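Participant: First the structure, then my questions, so here it is.
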Amino acid sequence: MWMLLLVVLVLAAVNVVNNRLAPGLYVPVCVATAALLLLIARLAGLTARDLGLGRDSVRRGLRWGLILVAAVVTVYLAGLAVPFTRDVFEDRRAAGLTSGELMYHALVRVPLGTVVLEEIAFRGVLWAMVERRWGHLWATTISSFLFGLWHVLPARGLTRANAAAEAVFGTGPAGVALSVVTAVAGTAIAGVLLCELRRRSGSLIPPIALHCAVNSTGYVLAWTAGRWWGSS
């Protein structure tokens, strides 16, 4: 039990470091934290298979992953092509990036920082620790709840960065609070989906692939929307 609490404390500390104390060190902090969590999992007696990293599940995980990536790209392109949903992609954080910065975010920051840490932490180590003790329903519930809370700090700037969020919630204190609650609830629900992918496939590859496709493709298309339609 104390190993599980240690994982939660490590994640809470890293969340503050990444969002408040040293955001410029985001990628190395995430990679180092992912390695630390894997070490804690090993000390807790979890195997690679327990964490969704077993060799026997790689082929199945890759098949799931390719299908999920293709689905995300298809849905995103359809959403970008329709004027009614295009505002969702107009994110000032992505629109202000240079092409080099865009490639860094899409190919380095998202996969090696965000996705590696969050999937190892929430669908790997946390899920496996809780599942071993209380079963997969509690594993999914606790992991997804904590995944939602993980997004409280980054969600505070959502209404300033995203045109659709600003239009819905406004930029006042009440709107910011509501946008944070909505973001936390939305990411918790996304966490349930990612946990189910991990459980049904027996592999971390499908949630990693889906998570990376959603975030990295989102950056690219938000940048594209800012360049093509941002001034209209």
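By convention in this document, the chains of the structure tokens carry letters A, B, ... by their order, each chain's residues are numbered from 1, and ligands are numbered from 1 in the order they are shown.
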Please provide the set of residues having any atom within 6 Å of segment 102-110 of chain A, restricted to only C-alpha atoms, with same-chain residues fewer than 5 positions apart removed, written as number ranges by chain.
Facilitator: A: 27, 97, 115, 216
Participant: Give me, as a PDB file with all heavy atoms, in the first residue's frame, all polymer residues having an atom no more than 8 Å from segment 68-76 of chain A, counting only C-alpha atoms and skipping those fewer than 6 positions away in the same chain.
Facilitator:
ATOM      1  N   PRO A 206      -1.622   0.359 -27.185  1.00  0.00           N
ATOM      2  CA  PRO A 206      -2.819   1.061 -27.678  1.00  0.00           C
ATOM      3  C   PRO A 206      -3.088   2.399 -26.980  1.00  0.00           C
ATOM      4  O   PRO A 206      -3.313   3.401 -27.673  1.00  0.00           O
ATOM      5  CB  PRO A 206      -3.943   0.046 -27.457  1.00  0.00           C
ATOM      6  CG  PRO A 206      -3.260  -1.267 -27.522  1.00  0.00           C
ATOM      7  CD  PRO A 206      -1.940  -1.045 -26.851  1.00  0.00           C
ATOM      8  N   ALA A 209      -0.468   4.840 -28.212  1.00  0.00           N
ATOM      9  CA  ALA A 209      -0.702   5.252 -29.598  1.00  0.00           C
ATOM     10  C   ALA A 209      -1.849   6.243 -29.697  1.00  0.00           C
ATOM     11  O   ALA A 209      -1.751   7.268 -30.392  1.00  0.00           O
ATOM     12  CB  ALA A 209      -0.987   4.022 -30.465  1.00  0.00           C
ATOM     13  N   LEU A 210      -2.966   5.955 -29.000  1.00  0.00           N
ATOM     14  CA  LEU A 210      -4.117   6.851 -29.043  1.00  0.00           C
ATOM     15  C   LEU A 210      -3.774   8.205 -28.422  1.00  0.00           C
ATOM     16  O   LEU A 210      -4.075   9.258 -29.004  1.00  0.00           O
ATOM     17  CB  LEU A 210      -5.294   6.221 -28.307  1.00  0.00           C
ATOM     18  CG  LEU A 210      -6.562   7.067 -28.225  1.00  0.00           C
ATOM     19  CD1 LEU A 210      -7.086   7.399 -29.614  1.00  0.00           C
ATOM     20  CD2 LEU A 210      -7.636   6.360 -27.398  1.00  0.00           C
ATOM     21  N   ALA A 213      -1.401  10.145 -30.691  1.00  0.00           N
ATOM     22  CA  ALA A 213      -2.080  10.604 -31.908  1.00  0.00           C
ATOM     23  C   ALA A 213      -2.983  11.792 -31.611  1.00  0.00           C
ATOM     24  O   ALA A 213      -3.000  12.778 -32.357  1.00  0.00           O
ATOM     25  CB  ALA A 213      -2.890   9.466 -32.516  1.00  0.00           C
ATOM     26  N   VAL A 214      -3.737  11.725 -30.516  1.00  0.00           N
ATOM     27  CA  VAL A 214      -4.644  12.822 -30.154  1.00  0.00           C
ATOM     28  C   VAL A 214      -3.866  14.101 -29.897  1.00  0.00           C
ATOM     29  O   VAL A 214      -4.186  15.174 -30.423  1.00  0.00           O
ATOM     30  CB  VAL A 214      -5.476  12.441 -28.913  1.00  0.00           C
ATOM     31  CG1 VAL A 214      -6.195  13.658 -28.354  1.00  0.00           C
ATOM     32  CG2 VAL A 214      -6.494  11.359 -29.275  1.00  0.00           C
ATOM     33  N   THR A 217      -1.164  15.038 -33.200  1.00  0.00           N
ATOM     34  CA  THR A 217      -1.943  15.458 -34.371  1.00  0.00           C
ATOM     35  C   THR A 217      -2.726  16.716 -34.047  1.00  0.00           C
ATOM     36  O   THR A 217      -2.889  17.597 -34.899  1.00  0.00           O
ATOM     37  CB  THR A 217      -2.902  14.336 -34.810  1.00  0.00           C
ATOM     38  OG1 THR A 217      -2.168  13.134 -35.004  1.00  0.00           O
ATOM     39  CG2 THR A 217      -3.606  14.710 -36.113  1.00  0.00           C
ATOM     40  N   GLY A 218      -3.206  16.826 -32.808  1.00  0.00           N
ATOM     41  CA  GLY A 218      -3.900  18.046 -32.399  1.00  0.00           C
ATOM     42  C   GLY A 218      -3.023  19.268 -32.505  1.00  0.00           C
ATOM     43  O   GLY A 218      -3.467  20.339 -32.955  1.00  0.00           O
ATOM     44  N   LEU A 221      -2.595  20.132 -36.306  1.00  0.00           N
ATOM     45  CA  LEU A 221      -3.791  20.698 -36.923  1.00  0.00           C
ATOM     46  C   LEU A 221      -4.173  22.043 -36.305  1.00  0.00           C
ATOM     47  O   LEU A 221      -4.709  22.906 -36.997  1.00  0.00           O
ATOM     48  CB  LEU A 221      -4.954  19.708 -36.824  1.00  0.00           C
ATOM     49  CG  LEU A 221      -4.755  18.411 -37.618  1.00  0.00           C
ATOM     50  CD1 LEU A 221      -6.004  17.557 -37.564  1.00  0.00           C
ATOM     51  CD2 LEU A 221      -4.366  18.695 -39.069  1.00  0.00           C
TER      52      LEU A 221
END
Participant: Using only C-alpha atoms, which residue out of A:Leu77, A:Leu153, A:Leu39, A:Val180 lies closest to Val14 of chain A?
Facilitator: A:Leu153
Participant: Give me the residues within 6 Å of segment 50-52 of chain A as a ChimeraX atom specification, counting only C-alpha atoms and dropping any in the same chain fewer than 4 places off.
Facilitator: /A:46,124,128,202-204
Participant: List the spatial neighbours of Leu6 of chain A as a PDB file with C-alpha atoms, in the first residue's frame - criterion: any atom at most 10 Å away, only C-alpha atoms, same-chain residues fewer than 6 positions off excluded.
Facilitator:
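What landed in part12.pdb:
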ATOM      1  CA  ALA A  12       1.897  15.237  -7.214  1.00  0.00           C
ATOM      2  CA  LEU A  37       8.041   4.892 -11.441  1.00  0.00           C
ATOM      3  CA  ILE A  40       9.175   1.596  -7.881  1.00  0.00           C
TER       4      ILE A  40
END
Participant: Excluding same-chain residues fewer than 6 positions from Ala35 of chain A, what lies within 10 Å of it counting only C-alpha atoms, as a PyMOL selection string?
Facilitator: chain A and resi 29+41+116-117+120-121
Participant: Which of segment 9-177 of chain A end up as alpha helix (DSSP H) when DSSP is run on this backbone - answer as a short mmCIF file (atom, residue, chain, number, x, y, z; two decimals) with N, CA, C and O atoms, in the first residue's frame?
Facilitator:
data_model
loop_
_atom_site.label_atom_id
_atom_site.label_comp_id
_atom_site.auth_asym_id
_atom_site.auth_seq_id
_atom_site.Cartn_x
_atom_site.Cartn_y
_atom_site.Cartn_z
N LEU A 9 2.47 10.42 -4.46
CA LEU A 9 3.24 11.57 -3.99
C LEU A 9 4.26 12.03 -5.03
O LEU A 9 4.45 13.24 -5.23
N VAL A 10 4.90 11.09 -5.68
CA VAL A 10 5.86 11.44 -6.74
C VAL A 10 5.15 12.20 -7.86
O VAL A 10 5.64 13.24 -8.34
N LEU A 11 3.99 11.72 -8.26
CA LEU A 11 3.26 12.38 -9.35
C LEU A 11 2.78 13.77 -8.93
O LEU A 11 2.81 14.71 -9.74
N ALA A 12 2.34 13.92 -7.69
CA ALA A 12 1.90 15.24 -7.21
C ALA A 12 3.05 16.23 -7.25
O ALA A 12 2.89 17.38 -7.68
N ALA A 13 4.23 15.80 -6.81
CA ALA A 13 5.40 16.68 -6.81
C ALA A 13 5.81 17.05 -8.24
O ALA A 13 6.10 18.22 -8.54
N VAL A 14 5.81 16.07 -9.12
CA VAL A 14 6.21 16.32 -10.51
C VAL A 14 5.22 17.25 -11.21
O VAL A 14 5.61 18.08 -12.03
N ASN A 15 3.95 17.12 -10.88
CA ASN A 15 2.93 17.99 -11.47
C ASN A 15 3.21 19.45 -11.15
O ASN A 15 3.11 20.33 -12.01
N VAL A 16 3.60 19.72 -9.91
CA VAL A 16 3.94 21.09 -9.51
C VAL A 16 5.22 21.54 -10.19
O VAL A 16 5.32 22.68 -10.67
N TYR A 26 10.57 20.24 -18.74
CA TYR A 26 9.44 19.31 -18.83
C TYR A 26 9.83 17.92 -19.32
O TYR A 26 9.54 16.92 -18.67
N VAL A 27 10.49 17.84 -20.46
CA VAL A 27 10.80 16.52 -21.04
C VAL A 27 11.75 15.71 -20.17
O VAL A 27 11.46 14.56 -19.84
N PRO A 28 12.91 16.27 -19.77
CA PRO A 28 13.78 15.45 -18.91
C PRO A 28 13.14 15.07 -17.57
O PRO A 28 13.37 13.96 -17.07
N VAL A 29 12.34 15.95 -17.00
CA VAL A 29 11.65 15.61 -15.75
C VAL A 29 10.67 14.46 -15.98
O VAL A 29 10.59 13.52 -15.17
N CYS A 30 9.93 14.51 -17.07
CA CYS A 30 8.96 13.44 -17.37
C CYS A 30 9.66 12.11 -17.61
O CYS A 30 9.22 11.07 -17.10
N VAL A 31 10.73 12.12 -18.38
CA VAL A 31 11.46 10.87 -18.66
C VAL A 31 12.05 10.29 -17.38
O VAL A 31 11.95 9.08 -17.12
N ALA A 32 12.67 11.15 -16.57
CA ALA A 32 13.26 10.69 -15.31
C ALA A 32 12.18 10.14 -14.37
O ALA A 32 12.39 9.12 -13.69
N THR A 33 11.03 10.80 -14.34
CA THR A 33 9.94 10.34 -13.47
C THR A 33 9.40 9.00 -13.93
O THR A 33 9.10 8.11 -13.12
N ALA A 34 9.26 8.83 -15.25
CA ALA A 34 8.79 7.55 -15.78
C ALA A 34 9.75 6.43 -15.39
O ALA A 34 9.31 5.33 -14.98
N ALA A 35 11.05 6.69 -15.48
CA ALA A 35 12.04 5.69 -15.08
C ALA A 35 11.94 5.38 -13.59
O ALA A 35 12.04 4.22 -13.17
N LEU A 36 11.74 6.42 -12.77
CA LEU A 36 11.60 6.23 -11.33
C LEU A 36 10.37 5.39 -11.00
O LEU A 36 10.41 4.49 -10.15
N LEU A 37 9.27 5.66 -11.69
CA LEU A 37 8.04 4.89 -11.44
C LEU A 37 8.21 3.42 -11.83
O LEU A 37 7.68 2.53 -11.15
N LEU A 38 8.93 3.17 -12.91
CA LEU A 38 9.19 1.78 -13.30
C LEU A 38 10.06 1.08 -12.25
O LEU A 38 9.86 -0.11 -11.97
N LEU A 39 11.00 1.82 -11.67
CA LEU A 39 11.81 1.25 -10.60
C LEU A 39 10.96 0.92 -9.38
O LEU A 39 11.10 -0.16 -8.77
N ILE A 40 10.07 1.84 -9.01
CA ILE A 40 9.18 1.60 -7.88
C ILE A 40 8.30 0.37 -8.15
O ILE A 40 8.08 -0.47 -7.27
N ALA A 41 7.81 0.26 -9.38
CA ALA A 41 6.97 -0.89 -9.74
C ALA A 41 7.76 -2.19 -9.62
O ALA A 41 7.23 -3.21 -9.13
N ARG A 42 9.01 -2.15 -10.03
CA ARG A 42 9.85 -3.35 -9.92
C ARG A 42 10.06 -3.73 -8.46
O ARG A 42 9.97 -4.90 -8.08
N LEU A 43 10.31 -2.73 -7.62
CA LEU A 43 10.50 -2.98 -6.19
C LEU A 43 9.21 -3.50 -5.54
O LEU A 43 9.25 -4.23 -4.55
N VAL A 58 3.00 -7.44 -27.61
CA VAL A 58 3.48 -6.38 -28.51
C VAL A 58 2.74 -6.40 -29.85
O VAL A 58 2.25 -5.37 -30.32
N ARG A 59 2.64 -7.58 -30.46
CA ARG A 59 2.02 -7.66 -31.79
C ARG A 59 0.56 -7.23 -31.75
O ARG A 59 0.10 -6.46 -32.58
N ARG A 60 -0.17 -7.72 -30.76
CA ARG A 60 -1.57 -7.34 -30.61
C ARG A 60 -1.69 -5.84 -30.32
O ARG A 60 -2.55 -5.15 -30.87
N GLY A 61 -0.83 -5.32 -29.47
CA GLY A 61 -0.85 -3.90 -29.15
C GLY A 61 -0.58 -3.02 -30.36
O GLY A 61 -1.22 -1.97 -30.53
N LEU A 62 0.34 -3.43 -31.20
CA LEU A 62 0.66 -2.65 -32.41
C LEU A 62 -0.52 -2.63 -33.37
O LEU A 62 -0.79 -1.60 -34.00
N ARG A 63 -1.21 -3.75 -33.50
CA ARG A 63 -2.39 -3.78 -34.37
C ARG A 63 -3.45 -2.80 -33.88
O ARG A 63 -4.01 -2.03 -34.66
N TRP A 64 -3.74 -2.86 -32.59
CA TRP A 64 -4.70 -1.92 -32.01
C TRP A 64 -4.23 -0.49 -32.22
O TRP A 64 -5.02 0.40 -32.57
N GLY A 65 -2.95 -0.25 -31.98
CA GLY A 65 -2.41 1.10 -32.08
C GLY A 65 -2.55 1.70 -33.46
O GLY A 65 -2.93 2.87 -33.61
N LEU A 66 -2.26 0.93 -34.49
CA LEU A 66 -2.37 1.43 -35.86
C LEU A 66 -3.81 1.80 -36.21
O LEU A 66 -4.06 2.83 -36.85
N ILE A 67 -4.75 0.98 -35.78
CA ILE A 67 -6.16 1.27 -36.04
C ILE A 67 -6.59 2.55 -35.33
O ILE A 67 -7.28 3.40 -35.89
N LEU A 68 -6.15 2.72 -34.09
CA LEU A 68 -6.52 3.91 -33.31
C LEU A 68 -5.92 5.18 -33.90
O LEU A 68 -6.60 6.21 -33.97
N VAL A 69 -4.68 5.12 -34.32
CA VAL A 69 -4.05 6.30 -34.93
C VAL A 69 -4.79 6.70 -36.20
O VAL A 69 -5.06 7.89 -36.44
N ALA A 70 -5.11 5.72 -37.04
CA ALA A 70 -5.84 6.01 -38.27
C ALA A 70 -7.20 6.64 -37.97
O ALA A 70 -7.62 7.59 -38.65
N ALA A 71 -7.88 6.15 -36.94
CA ALA A 71 -9.19 6.69 -36.57
C ALA A 71 -9.07 8.14 -36.09
O ALA A 71 -9.88 9.00 -36.47
N VAL A 72 -8.06 8.43 -35.28
CA VAL A 72 -7.88 9.79 -34.77
C VAL A 72 -7.60 10.76 -35.91
O VAL A 72 -8.20 11.84 -35.99
N VAL A 73 -6.70 10.40 -36.80
CA VAL A 73 -6.36 11.29 -37.92
C VAL A 73 -7.58 11.53 -38.79
O VAL A 73 -7.84 12.67 -39.22
N THR A 74 -8.37 10.50 -39.04
CA THR A 74 -9.58 10.66 -39.86
C THR A 74 -10.58 11.61 -39.22
O THR A 74 -11.11 12.51 -39.87
N VAL A 75 -10.84 11.42 -37.93
CA VAL A 75 -11.80 12.28 -37.22
C VAL A 75 -11.29 13.72 -37.17
O VAL A 75 -12.05 14.68 -37.38
N TYR A 76 -10.01 13.91 -36.89
CA TYR A 76 -9.45 15.25 -36.82
C TYR A 76 -9.54 15.98 -38.16
O TYR A 76 -9.90 17.16 -38.23
N LEU A 77 -9.19 15.30 -39.24
CA LEU A 77 -9.24 15.93 -40.55
C LEU A 77 -10.67 16.30 -40.92
O LEU A 77 -10.92 17.36 -41.51
N ALA A 78 -11.62 15.44 -40.57
CA ALA A 78 -13.02 15.75 -40.82
C ALA A 78 -13.45 16.98 -40.02
O ALA A 78 -14.15 17.87 -40.52
N GLY A 79 -13.01 17.05 -38.75
CA GLY A 79 -13.36 18.19 -37.92
C GLY A 79 -12.75 19.49 -38.42
O GLY A 79 -13.37 20.55 -38.36
N LEU A 80 -11.53 19.42 -38.92
CA LEU A 80 -10.87 20.61 -39.44
C LEU A 80 -11.50 21.08 -40.74
O LEU A 80 -11.52 22.28 -41.04
N ALA A 81 -12.06 20.15 -41.51
CA ALA A 81 -12.64 20.50 -42.81
C ALA A 81 -14.00 21.18 -42.66
O ALA A 81 -14.44 21.88 -43.58
N PRO A 83 -16.40 23.98 -41.13
CA PRO A 83 -16.29 25.27 -40.44
C PRO A 83 -16.90 25.28 -39.04
O PRO A 83 -16.39 25.94 -38.14
N PHE A 84 -17.96 24.53 -38.82
CA PHE A 84 -18.64 24.53 -37.53
C PHE A 84 -17.75 24.03 -36.40
O PHE A 84 -17.84 24.50 -35.26
N THR A 85 -16.88 23.06 -36.69
CA THR A 85 -16.01 22.49 -35.66
C THR A 85 -14.57 23.00 -35.72
O THR A 85 -13.75 22.63 -34.89
N ARG A 86 -14.29 23.88 -36.65
CA ARG A 86 -12.90 24.33 -36.85
C ARG A 86 -12.39 25.15 -35.68
O ARG A 86 -11.19 25.13 -35.37
N ARG A 92 -4.15 29.18 -29.38
CA ARG A 92 -3.10 30.19 -29.51
C ARG A 92 -1.72 29.64 -29.17
O ARG A 92 -0.72 30.11 -29.68
N ARG A 93 -1.67 28.66 -28.28
CA ARG A 93 -0.38 28.08 -27.93
C ARG A 93 0.27 27.41 -29.13
O ARG A 93 1.48 27.52 -29.34
N ALA A 94 -0.51 26.71 -29.92
CA ALA A 94 0.02 26.03 -31.10
C ALA A 94 0.21 27.00 -32.25
O ALA A 94 1.21 26.93 -32.99
N ALA A 95 -0.72 27.94 -32.42
CA ALA A 95 -0.64 28.88 -33.54
C ALA A 95 0.61 29.76 -33.47
O ALA A 95 1.14 30.19 -34.50
N SER A 99 7.77 26.56 -37.12
CA SER A 99 7.71 25.19 -37.62
C SER A 99 8.64 24.27 -36.84
O SER A 99 8.31 23.10 -36.58
N GLY A 100 9.80 24.79 -36.43
CA GLY A 100 10.73 23.99 -35.64
C GLY A 100 10.15 23.67 -34.27
O GLY A 100 10.29 22.54 -33.78
N GLU A 101 9.53 24.65 -33.65
CA GLU A 101 8.90 24.44 -32.34
C GLU A 101 7.75 23.44 -32.44
O GLU A 101 7.52 22.63 -31.55
N LEU A 102 7.01 23.52 -33.55
CA LEU A 102 5.91 22.58 -33.77
C LEU A 102 6.43 21.15 -33.83
O LEU A 102 5.87 20.25 -33.20
N MET A 103 7.52 20.95 -34.58
CA MET A 103 8.09 19.61 -34.68
C MET A 103 8.59 19.11 -33.32
O MET A 103 8.45 17.94 -32.98
N TYR A 104 9.15 20.03 -32.54
CA TYR A 104 9.61 19.65 -31.20
C TYR A 104 8.44 19.20 -30.33
O TYR A 104 8.51 18.17 -29.66
N VAL A 116 4.68 9.35 -22.55
CA VAL A 116 5.47 8.33 -21.85
C VAL A 116 5.19 8.36 -20.35
O VAL A 116 4.92 7.33 -19.73
N LEU A 117 5.24 9.55 -19.75
CA LEU A 117 5.01 9.62 -18.30
C LEU A 117 3.58 9.26 -17.94
O LEU A 117 3.34 8.44 -17.04
N GLU A 118 2.61 9.87 -18.61
CA GLU A 118 1.22 9.66 -18.21
C GLU A 118 0.77 8.22 -18.41
O GLU A 118 0.03 7.67 -17.59
N LEU A 126 0.23 2.71 -11.76
CA LEU A 126 -0.92 2.88 -10.87
C LEU A 126 -1.98 1.82 -11.13
O LEU A 126 -2.51 1.20 -10.19
N TRP A 127 -2.33 1.62 -12.38
CA TRP A 127 -3.37 0.66 -12.73
C TRP A 127 -3.00 -0.74 -12.26
O TRP A 127 -3.81 -1.45 -11.66
N ALA A 128 -1.74 -1.12 -12.49
CA ALA A 128 -1.31 -2.47 -12.11
C ALA A 128 -1.29 -2.65 -10.60
O ALA A 128 -1.67 -3.71 -10.09
N MET A 129 -0.85 -1.62 -9.87
CA MET A 129 -0.80 -1.72 -8.41
C MET A 129 -2.20 -1.88 -7.82
O MET A 129 -2.42 -2.71 -6.94
N VAL A 130 -3.13 -1.07 -8.30
CA VAL A 130 -4.49 -1.16 -7.76
C VAL A 130 -5.18 -2.44 -8.23
O VAL A 130 -5.88 -3.09 -7.46
N GLU A 131 -4.96 -2.81 -9.48
CA GLU A 131 -5.61 -4.02 -10.02
C GLU A 131 -5.17 -5.26 -9.26
O GLU A 131 -5.99 -6.16 -8.99
N ARG A 132 -3.91 -5.33 -8.89
CA ARG A 132 -3.42 -6.49 -8.16
C ARG A 132 -4.09 -6.62 -6.79
O ARG A 132 -4.34 -7.73 -6.31
N ARG A 133 -4.42 -5.49 -6.18
CA ARG A 133 -4.99 -5.51 -4.83
C ARG A 133 -6.51 -5.57 -4.83
O ARG A 133 -7.11 -6.29 -4.02
N TRP A 134 -7.17 -4.80 -5.74
CA TRP A 134 -8.63 -4.65 -5.67
C TRP A 134 -9.37 -4.98 -6.97
O TRP A 134 -10.59 -4.86 -7.03
N HIS A 136 -9.79 -4.88 -11.52
CA HIS A 136 -9.66 -3.91 -12.61
C HIS A 136 -10.66 -2.75 -12.51
O HIS A 136 -10.37 -1.66 -12.99
N LEU A 137 -11.83 -2.96 -11.90
CA LEU A 137 -12.79 -1.85 -11.80
C LEU A 137 -12.24 -0.74 -10.91
O LEU A 137 -12.32 0.45 -11.27
N TRP A 138 -11.70 -1.12 -9.76
CA TRP A 138 -11.10 -0.11 -8.89
C TRP A 138 -9.85 0.48 -9.52
O TRP A 138 -9.56 1.67 -9.37
N ALA A 139 -9.10 -0.34 -10.25
CA ALA A 139 -7.90 0.16 -10.92
C ALA A 139 -8.25 1.26 -11.92
O ALA A 139 -7.61 2.32 -11.97
N THR A 140 -9.27 1.01 -12.71
CA THR A 140 -9.69 2.00 -13.70
C THR A 140 -10.27 3.25 -13.04
O THR A 140 -9.98 4.37 -13.44
N THR A 141 -11.07 3.05 -11.99
CA THR A 141 -11.69 4.19 -11.29
C THR A 141 -10.65 5.09 -10.64
O THR A 141 -10.66 6.32 -10.84
N ILE A 142 -9.75 4.51 -9.87
CA ILE A 142 -8.75 5.30 -9.14
C ILE A 142 -7.77 5.95 -10.12
O ILE A 142 -7.44 7.13 -10.00
N SER A 143 -7.30 5.18 -11.08
CA SER A 143 -6.35 5.72 -12.06
C SER A 143 -6.96 6.87 -12.84
O SER A 143 -6.32 7.91 -13.04
N SER A 144 -8.20 6.73 -13.27
CA SER A 144 -8.85 7.76 -14.08
C SER A 144 -9.16 9.01 -13.25
O SER A 144 -9.04 10.14 -13.74
N PHE A 145 -9.57 8.82 -11.99
CA PHE A 145 -9.81 9.95 -11.10
C PHE A 145 -8.53 10.76 -10.89
O PHE A 145 -8.53 12.00 -11.01
N LEU A 146 -7.44 10.08 -10.63
CA LEU A 146 -6.16 10.77 -10.44
C LEU A 146 -5.67 11.40 -11.74
O LEU A 146 -5.05 12.48 -11.73
N PHE A 147 -5.97 10.77 -12.87
CA PHE A 147 -5.60 11.33 -14.17
C PHE A 147 -6.34 12.66 -14.40
O PHE A 147 -5.78 13.61 -14.94
N GLY A 148 -7.60 12.71 -13.98
CA GLY A 148 -8.33 13.96 -14.08
C GLY A 148 -7.72 15.04 -13.21
O GLY A 148 -7.50 16.18 -13.65
N LEU A 149 -7.40 14.72 -11.94
CA LEU A 149 -6.78 15.69 -11.04
C LEU A 149 -5.42 16.16 -11.56
O LEU A 149 -5.03 17.31 -11.33
N TRP A 150 -4.71 15.31 -12.24
CA TRP A 150 -3.41 15.63 -12.82
C TRP A 150 -3.50 16.84 -13.76
O TRP A 150 -2.54 17.58 -13.94
N VAL A 152 -5.53 19.54 -13.40
CA VAL A 152 -6.05 20.77 -12.80
C VAL A 152 -5.16 21.97 -13.13
O VAL A 152 -5.64 23.01 -13.61
N LEU A 153 -3.87 21.87 -12.88
CA LEU A 153 -2.97 23.01 -13.10
C LEU A 153 -2.87 23.40 -14.58
O LEU A 153 -3.02 24.59 -14.91
N PRO A 154 -2.63 22.48 -15.51
CA PRO A 154 -2.56 22.89 -16.91
C PRO A 154 -3.88 23.42 -17.46
O PRO A 154 -3.89 24.25 -18.38
N ALA A 155 -5.02 22.99 -16.89
CA ALA A 155 -6.32 23.43 -17.41
C ALA A 155 -6.64 24.87 -17.04
O ALA A 155 -7.55 25.48 -17.62
N LEU A 158 -6.70 27.22 -20.01
CA LEU A 158 -7.42 26.76 -21.20
C LEU A 158 -8.20 27.86 -21.89
O LEU A 158 -8.17 27.99 -23.11
N THR A 159 -8.92 28.68 -21.13
CA THR A 159 -9.78 29.69 -21.76
C THR A 159 -8.98 30.80 -22.42
O THR A 159 -9.49 31.50 -23.30
N ARG A 160 -7.73 31.01 -21.99
CA ARG A 160 -6.89 32.02 -22.62
C ARG A 160 -6.24 31.52 -23.89
O ARG A 160 -5.80 32.30 -24.72
N ALA A 161 -6.16 30.18 -24.01
CA ALA A 161 -5.42 29.61 -25.13
C ALA A 161 -6.31 29.10 -26.26
O ALA A 161 -5.92 29.14 -27.43
N ALA A 163 -9.80 29.11 -28.51
CA ALA A 163 -10.89 29.99 -28.92
C ALA A 163 -12.26 29.40 -28.56
O ALA A 163 -13.16 30.11 -28.11
N ALA A 164 -12.42 28.11 -28.76
CA ALA A 164 -13.71 27.48 -28.46
C ALA A 164 -13.99 27.49 -26.96
O ALA A 164 -15.11 27.77 -26.53
N ALA A 165 -12.96 27.22 -26.15
CA ALA A 165 -13.14 27.25 -24.70
C ALA A 165 -13.46 28.65 -24.21
O ALA A 165 -14.30 28.85 -23.33
N GLU A 166 -12.80 29.65 -24.79
CA GLU A 166 -13.08 31.04 -24.41
C GLU A 166 -14.51 31.42 -24.76
O GLU A 166 -15.19 32.11 -23.98
N ALA A 167 -14.98 30.98 -25.92
CA ALA A 167 -16.34 31.31 -26.34
C ALA A 167 -17.38 30.66 -25.42
O ALA A 167 -18.43 31.26 -25.14
N VAL A 168 -17.10 29.47 -24.95
CA VAL A 168 -18.05 28.75 -24.11
C VAL A 168 -18.03 29.24 -22.66
O VAL A 168 -19.07 29.50 -22.05
N PHE A 169 -16.82 29.40 -22.11
CA PHE A 169 -16.69 29.68 -20.67
C PHE A 169 -16.39 31.13 -20.34
O PHE A 169 -16.62 31.57 -19.21
N PRO A 173 -13.26 34.64 -13.60
CA PRO A 173 -12.94 33.60 -12.62
C PRO A 173 -13.90 32.42 -12.63
O PRO A 173 -13.49 31.26 -12.53
N ALA A 174 -15.21 32.71 -12.74
CA ALA A 174 -16.19 31.62 -12.75
C ALA A 174 -16.02 30.75 -14.00
O ALA A 174 -16.12 29.53 -13.93
N GLY A 175 -15.77 31.41 -15.14
CA GLY A 175 -15.56 30.67 -16.38
C GLY A 175 -14.32 29.81 -16.33
O GLY A 175 -14.32 28.66 -16.80
N VAL A 176 -13.24 30.35 -15.75
CA VAL A 176 -12.00 29.59 -15.62
C VAL A 176 -12.23 28.37 -14.72
O VAL A 176 -11.81 27.25 -15.04
N ALA A 177 -12.92 28.58 -13.60
CA ALA A 177 -13.20 27.47 -12.68
C ALA A 177 -14.03 26.38 -13.37
O ALA A 177 -13.75 25.18 -13.22
#
Participant: Interatomic distance between atom CA of Ile205 of chain A and atom CA of Ala185 of chain A?
Facilitator: 23.9 Å
Participant: Given only C-alpha atoms as the basis, pick out the residue of A:Val8, A:Ala188, A:Thr98, A:Gly54 nearest to Arg227 of chain A.
Facilitator: A:Thr98
Participant: Between atom CA of Tyr219 of chain A and atom CA of Gly96 of chain A, what distance in Å does the model show, to one decimal?
Facilitator: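 Pair atom CA of Tyr219 of chain A / atom CA of Gly96 of chain A returns 11.1 Å.
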Participant: If I take atom CA of Arg156 of chain A and atom CA of Asn19 of chain A, how far is one from the other in Å, to one decimal?
Facilitator: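 Answer for the atom CA of Arg156 of chain A to atom CA of Asn19 of chain A separation: 10.4 Å.
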